$ cat coords_26.cif   # mmCIF, C-alpha atoms
data_query
loop_
_atom_site.label_atom_id
_atom_site.label_comp_id
_atom_site.auth_asym_id
_atom_site.auth_seq_id
_atom_site.Cartn_x
_atom_site.Cartn_y
_atom_site.Cartn_z
CA LYS A 1 3.68 -70.11 111.11
CA PHE A 2 6.37 -67.78 109.83
CA GLY A 3 5.40 -67.43 106.17
CA GLN A 4 3.63 -64.08 106.64
CA PRO A 5 5.14 -61.18 108.66
CA GLN A 6 1.97 -60.56 110.70
CA ILE A 7 1.59 -64.24 111.58
CA ALA A 8 5.31 -64.52 112.39
CA VAL A 9 5.09 -61.58 114.79
CA ARG A 10 2.06 -63.13 116.45
CA GLN A 11 3.89 -66.46 116.89
CA LEU A 12 6.90 -64.72 118.42
CA GLU A 13 4.57 -62.86 120.78
CA ILE A 14 3.09 -66.18 121.91
CA TYR A 15 6.53 -67.71 122.47
CA THR A 16 7.81 -64.66 124.34
CA THR A 17 4.74 -64.52 126.56
CA ALA A 18 5.04 -68.22 127.38
CA VAL A 19 8.73 -67.90 128.29
CA LEU A 20 8.07 -64.85 130.50
CA LEU A 21 5.18 -66.54 132.30
CA ALA A 22 7.16 -69.72 132.88
CA THR A 23 10.16 -67.73 134.14
CA MET A 24 8.41 -65.18 136.34
CA ARG A 25 5.53 -67.37 137.50
CA PRO A 26 6.61 -71.00 137.14
CA PRO A 27 3.82 -73.58 137.39
CA GLN A 28 3.41 -75.36 140.68
CA PRO A 29 4.18 -79.08 140.87
CA PRO A 30 1.39 -81.48 141.84
CA ARG A 31 0.12 -80.45 145.26
CA GLU A 32 -0.06 -83.98 146.56
CA GLU A 33 1.57 -87.32 145.79
CA LYS A 34 -2.03 -88.54 145.68
CA TRP A 35 -2.44 -86.68 142.39
CA ARG A 36 0.45 -88.51 140.77
CA ASN A 37 -0.93 -91.84 141.96
CA LEU A 38 -4.36 -90.94 140.62
CA MET A 39 -2.87 -90.02 137.26
CA GLU A 40 -1.08 -93.37 137.20
CA GLU A 41 -4.36 -95.20 137.80
CA ILE A 42 -6.16 -93.18 135.12
CA SER A 43 -3.32 -93.94 132.71
CA LYS A 44 -3.50 -97.69 133.36
CA VAL A 45 -7.27 -97.86 132.86
CA SER A 46 -7.14 -95.64 129.78
CA SER A 47 -4.29 -97.54 128.15
CA GLN A 48 -5.86 -100.94 128.79
CA HIS A 49 -9.20 -99.79 127.40
CA TYR A 50 -7.53 -98.41 124.27
CA ARG A 51 -5.64 -101.64 123.66
CA ASN A 52 -8.71 -103.79 124.30
CA THR A 53 -10.61 -101.85 121.65
CA VAL A 54 -7.91 -101.47 118.99
CA TYR A 55 -5.88 -104.66 119.37
CA GLU A 56 -8.05 -107.21 121.16
CA ASN A 57 -11.36 -106.75 119.31
CA PRO A 58 -11.12 -108.96 116.19
CA GLU A 59 -13.67 -106.82 114.34
CA PHE A 60 -11.93 -103.50 114.88
CA LEU A 61 -9.38 -103.68 112.06
CA THR A 62 -12.03 -104.42 109.44
CA TYR A 63 -14.26 -101.73 110.90
CA PHE A 64 -11.42 -99.21 110.64
CA GLN A 65 -10.81 -100.17 107.01
CA GLU A 66 -14.49 -99.80 106.15
CA ALA A 67 -15.36 -96.69 108.17
CA THR A 68 -12.40 -94.53 107.12
CA PRO A 69 -10.73 -93.64 103.80
CA GLN A 70 -7.40 -95.03 105.02
CA ALA A 71 -6.87 -97.38 102.06
CA GLU A 72 -7.88 -94.76 99.50
CA LEU A 73 -5.60 -92.17 101.09
CA GLY A 74 -2.73 -94.64 100.84
CA ASN A 75 -3.32 -94.99 97.11
CA LEU A 76 -3.00 -91.23 96.59
CA ASN A 77 0.77 -91.52 97.06
CA ILE A 78 1.02 -88.05 98.61
CA GLY A 79 3.20 -88.93 101.61
CA SER A 80 6.96 -89.06 101.93
CA ARG A 81 6.80 -92.71 103.03
CA PRO A 82 4.45 -95.67 102.60
CA THR A 83 1.48 -95.70 104.96
CA ARG A 84 2.66 -98.98 106.47
CA ARG A 85 6.02 -100.11 107.80
CA LYS A 86 5.33 -103.65 106.56
CA SER A 87 2.92 -105.15 104.06
CA SER A 88 0.86 -106.62 106.90
CA PRO A 89 -2.60 -105.02 107.39
CA ALA A 90 -2.17 -105.05 111.19
CA ILE A 91 -2.78 -101.78 113.04
CA GLY A 92 0.67 -101.98 114.60
CA HIS A 93 2.32 -101.69 111.18
CA LEU A 94 0.34 -98.60 110.18
CA ARG A 95 2.25 -95.36 110.59
CA ALA A 96 0.92 -92.78 113.04
CA ILE A 97 0.09 -90.09 110.48
CA PRO A 98 -2.29 -92.16 108.29
CA TRP A 99 -3.82 -93.71 111.45
CA VAL A 100 -4.73 -90.29 112.85
CA PHE A 101 -5.47 -88.68 109.49
CA ALA A 102 -7.96 -91.38 108.49
CA TRP A 103 -10.01 -90.86 111.66
CA THR A 104 -9.75 -87.08 111.33
CA GLN A 105 -11.27 -87.31 107.85
CA THR A 106 -14.38 -88.91 109.33
CA ARG A 107 -14.56 -86.26 112.10
CA PHE A 108 -14.47 -89.04 114.71
CA VAL A 109 -10.85 -88.29 115.78
CA LEU A 110 -10.85 -91.58 117.67
CA PRO A 111 -7.11 -91.87 118.51
CA ALA A 112 -7.22 -88.60 120.46
CA TRP A 113 -9.95 -89.52 122.94
CA LEU A 114 -10.31 -93.32 123.05
CA GLY A 115 -9.61 -94.49 126.59
CA VAL A 116 -9.79 -91.04 128.18
CA GLY A 117 -13.43 -91.43 129.18
CA ALA A 118 -12.80 -94.87 130.68
CA GLY A 119 -9.96 -93.51 132.82
CA LEU A 120 -11.88 -90.48 134.06
CA LYS A 121 -15.02 -92.55 134.67
CA SER A 122 -13.08 -95.03 136.79
CA ALA A 123 -11.59 -92.21 138.87
CA CYS A 124 -14.98 -90.56 139.39
CA GLU A 125 -16.67 -93.81 140.34
CA ASN A 126 -13.93 -94.41 142.90
CA GLY A 127 -14.76 -91.11 144.59
CA HIS A 128 -12.09 -88.87 143.06
CA ALA A 129 -14.26 -86.37 141.18
CA ASP A 130 -13.34 -83.55 143.56
CA ASP A 131 -9.66 -84.46 143.29
CA LEU A 132 -9.88 -84.27 139.49
CA ARG A 133 -11.49 -80.83 139.69
CA ALA A 134 -8.79 -79.64 142.06
CA MET A 135 -6.11 -81.01 139.73
CA TYR A 136 -7.72 -79.15 136.83
CA GLN A 137 -7.67 -75.88 138.77
CA GLU A 138 -4.21 -76.15 140.31
CA TRP A 139 -2.01 -78.41 138.13
CA PRO A 140 -1.15 -76.80 134.74
CA PHE A 141 -0.09 -80.11 133.18
CA PHE A 142 -3.41 -81.77 133.96
CA ARG A 143 -5.40 -78.70 132.94
CA SER A 144 -3.68 -78.44 129.56
CA THR A 145 -4.27 -82.17 128.96
CA ILE A 146 -7.99 -81.90 129.71
CA ASP A 147 -8.25 -78.69 127.63
CA LEU A 148 -6.65 -80.45 124.64
CA ILE A 149 -9.08 -83.36 124.94
CA GLU A 150 -11.95 -80.88 125.20
CA MET A 151 -10.71 -79.18 122.03
CA VAL A 152 -10.75 -82.52 120.20
CA LEU A 153 -14.27 -83.21 121.46
CA GLY A 154 -15.32 -79.80 120.15
CA LYS A 155 -14.07 -80.75 116.69
CA ALA A 156 -15.58 -84.25 116.68
CA ASP A 157 -18.95 -84.62 114.99
CA ILE A 158 -21.09 -87.64 115.87
CA PRO A 159 -23.70 -87.23 113.07
CA ILE A 160 -20.94 -87.06 110.43
CA ALA A 161 -19.13 -90.05 111.93
CA LYS A 162 -22.43 -91.93 111.96
CA LEU A 163 -22.89 -91.16 108.26
CA TYR A 164 -19.59 -92.89 107.43
CA ASN A 165 -20.64 -95.80 109.63
CA ASP A 166 -24.13 -96.20 108.16
CA VAL A 167 -23.12 -95.88 104.50
CA LEU A 168 -19.71 -97.57 104.35
CA VAL A 169 -19.61 -100.18 107.12
CA SER A 170 -21.03 -103.68 106.75
CA GLU A 171 -24.27 -104.14 108.66
CA SER A 172 -22.71 -106.78 110.91
CA ARG A 173 -20.15 -104.27 112.19
CA ARG A 174 -22.28 -101.15 112.54
CA GLU A 175 -23.00 -101.98 116.16
CA LEU A 176 -19.30 -101.56 116.89
CA GLY A 177 -19.52 -98.03 115.54
CA ALA A 178 -22.59 -97.34 117.66
CA GLY A 179 -20.69 -98.46 120.74
CA LEU A 180 -17.76 -96.18 119.90
CA ARG A 181 -20.08 -93.21 119.44
CA LYS A 182 -21.62 -93.89 122.87
CA GLU A 183 -18.10 -93.95 124.27
CA LEU A 184 -17.35 -90.58 122.67
CA MET A 185 -20.43 -89.12 124.38
CA ALA A 186 -19.36 -90.66 127.70
CA THR A 187 -15.88 -89.19 127.28
CA GLU A 188 -17.40 -85.75 126.74
CA LYS A 189 -19.54 -86.21 129.85
CA TYR A 190 -16.61 -86.98 132.14
CA VAL A 191 -14.30 -84.35 130.65
CA LEU A 192 -16.99 -81.76 131.36
CA VAL A 193 -17.38 -83.12 134.89
CA VAL A 194 -13.70 -82.33 135.45
CA SER A 195 -13.63 -78.92 133.73
CA ARG A 196 -17.08 -77.94 135.04
CA HIS A 197 -17.99 -76.64 131.59
CA GLU A 198 -21.48 -77.10 130.20
CA LYS A 199 -20.18 -77.94 126.72
CA PRO A 200 -16.80 -78.42 125.00
CA LEU A 201 -14.74 -75.28 124.34
CA GLU A 202 -16.84 -73.19 126.69
CA GLY A 203 -13.56 -71.65 127.83
CA ASN A 204 -12.36 -70.97 124.28
CA ARG A 205 -15.20 -69.21 122.52
CA THR A 206 -12.97 -67.93 119.72
CA LEU A 207 -12.10 -71.47 118.63
CA ARG A 208 -15.72 -72.56 119.10
CA ARG A 209 -16.84 -69.78 116.76
CA LEU A 210 -14.17 -70.66 114.18
CA ILE A 211 -15.28 -74.31 114.15
CA ASP A 212 -18.96 -73.37 113.87
CA ASN A 213 -18.23 -70.94 111.01
CA ARG A 214 -16.56 -73.60 108.88
CA LEU A 215 -19.24 -76.27 109.31
CA PRO A 216 -21.43 -75.08 106.38
CA TYR A 217 -18.43 -75.70 104.11
CA LEU A 218 -16.97 -78.77 105.81
CA ASN A 219 -20.13 -80.85 106.19
CA PRO A 220 -20.89 -81.01 102.44
CA ILE A 221 -17.29 -82.08 101.78
CA ASN A 222 -17.69 -84.97 104.21
CA MET A 223 -20.99 -85.96 102.58
CA LEU A 224 -19.35 -85.91 99.16
CA GLN A 225 -16.47 -88.02 100.43
CA VAL A 226 -18.85 -90.64 101.81
CA GLU A 227 -20.68 -90.86 98.48
CA ILE A 228 -17.44 -91.05 96.49
CA LEU A 229 -16.05 -93.78 98.75
CA LYS A 230 -19.28 -95.73 98.38
CA ARG A 231 -19.08 -95.53 94.58
CA LEU A 232 -15.39 -96.40 94.47
CA ARG A 233 -15.89 -99.48 96.58
CA CYS A 234 -18.79 -100.66 94.43
CA ASP A 235 -16.93 -100.09 91.16
CA GLU A 236 -15.50 -103.36 89.83
CA ASP A 237 -13.20 -101.41 87.52
CA ASN A 238 -11.53 -99.71 90.46
CA HIS A 239 -8.53 -101.99 90.95
CA LYS A 240 -6.53 -99.72 93.23
CA LEU A 241 -8.12 -100.87 96.49
#
$ encode --input "coords_26.cif" --output "structure tokens"
Amino acid sequence: KFGQPQIAVRQLEIYTTAVLLATMRPPQPPREEKWRNLMEEISKVSSQHYRNTVYENPEFLTYFQEATPQAELGNLNIGSRPTRRKSSPAIGHLRAIPWVFAWTQTRFVLPAWLGVGAGLKSACENGHADDLRAMYQEWPFFRSTIDLIEMVLGKADIPIAKLYNDVLVSESRRELGAGLRKELMATEKYVLVVSRHEKPLEGNRTLRRLIDNRLPYLNPINMLQVEILKRLRCDEDNHKL
């Protein structure tokens, strides 16, 4: 962010603007204690749903290993530390960077949104949709959280994620992937209910345009990666996996 003079100046402008805004017009705290309680409920539902999927589903670990290039990335030896804290294959022993990076490679970005939709859905079904919209409009913390999730949803790509699932995952586990893709669509639905946008990144058209402009280059790279992973995993002479 500071390697080029023009970029460095731009970064300093952003920091200075943020400090001035926070000093001269500090954000308001949550308007009601009800909002904090609602956030606590959303957090509980979201966290439990995440753990049920990642830790309690016995098929998830194998699905993760098949649907992402996590193992192959670990063999590249490009990180400062091993991908795992222990030799165990358990998710809990996988470091955060390879966990997120593997899902980012498939354009599914699962760690960023899993559980969010369940939490928002629960709140909406319990009659708090208007409260969530008010929180989005008036509580900067909540708004920035929803905007970040919306940004991730704008970068996620269901057809590309489905390609990894259909080509690399065993047939018996593909239904798990289908369920996760439905959950991604549900998450988008409820995030948009809160932000009142018609589609992700409606409020950030510059980023939307940047993402759209890179797709003609990024999509073929993903397709090549899927094909290469398929060949590697079928190659008996490939002893690195």
$ closest_residue --input "coords_26.cif" --among "A:Ser172, A:Asn219, A:Asn75, A:Ser87" --to "Thr106 in chain A" --atoms "only C-alpha atoms"
A:Asn219
$ residues_around --input "coords_26.cif" --residues "range 57-74 of chain A" --least-positions-apart "5" --cutoff "7 Å" --atoms "only C-alpha atoms" --output "list in words"
Asn52, Thr83, Ile91, Pro98, Ala102, Trp103, Thr106, Tyr164, Asn165, Leu168, Val169, Arg173 and Leu241 of chain A
$ residues_around --input "coords_26.cif" --residues "Arg84 in chain A" --least-positions-apart "3" --cutoff "8 Å" --atoms "all atoms listed in the file" --output "list in words"
Ser87, Ser88, His93, Leu94 and Arg95 of chain A
$ resolve_selection --input "coords_26.cif" --expression "the PyMOL selection byres ((chain A and resi 194) around 10)" --output "count of residues only"
21
$ atom_distance --input "coords_26.cif" --atom1 "CA of Phe142 in chain A" --atom2 "CA of Ala96 in chain A"
24.0 Å
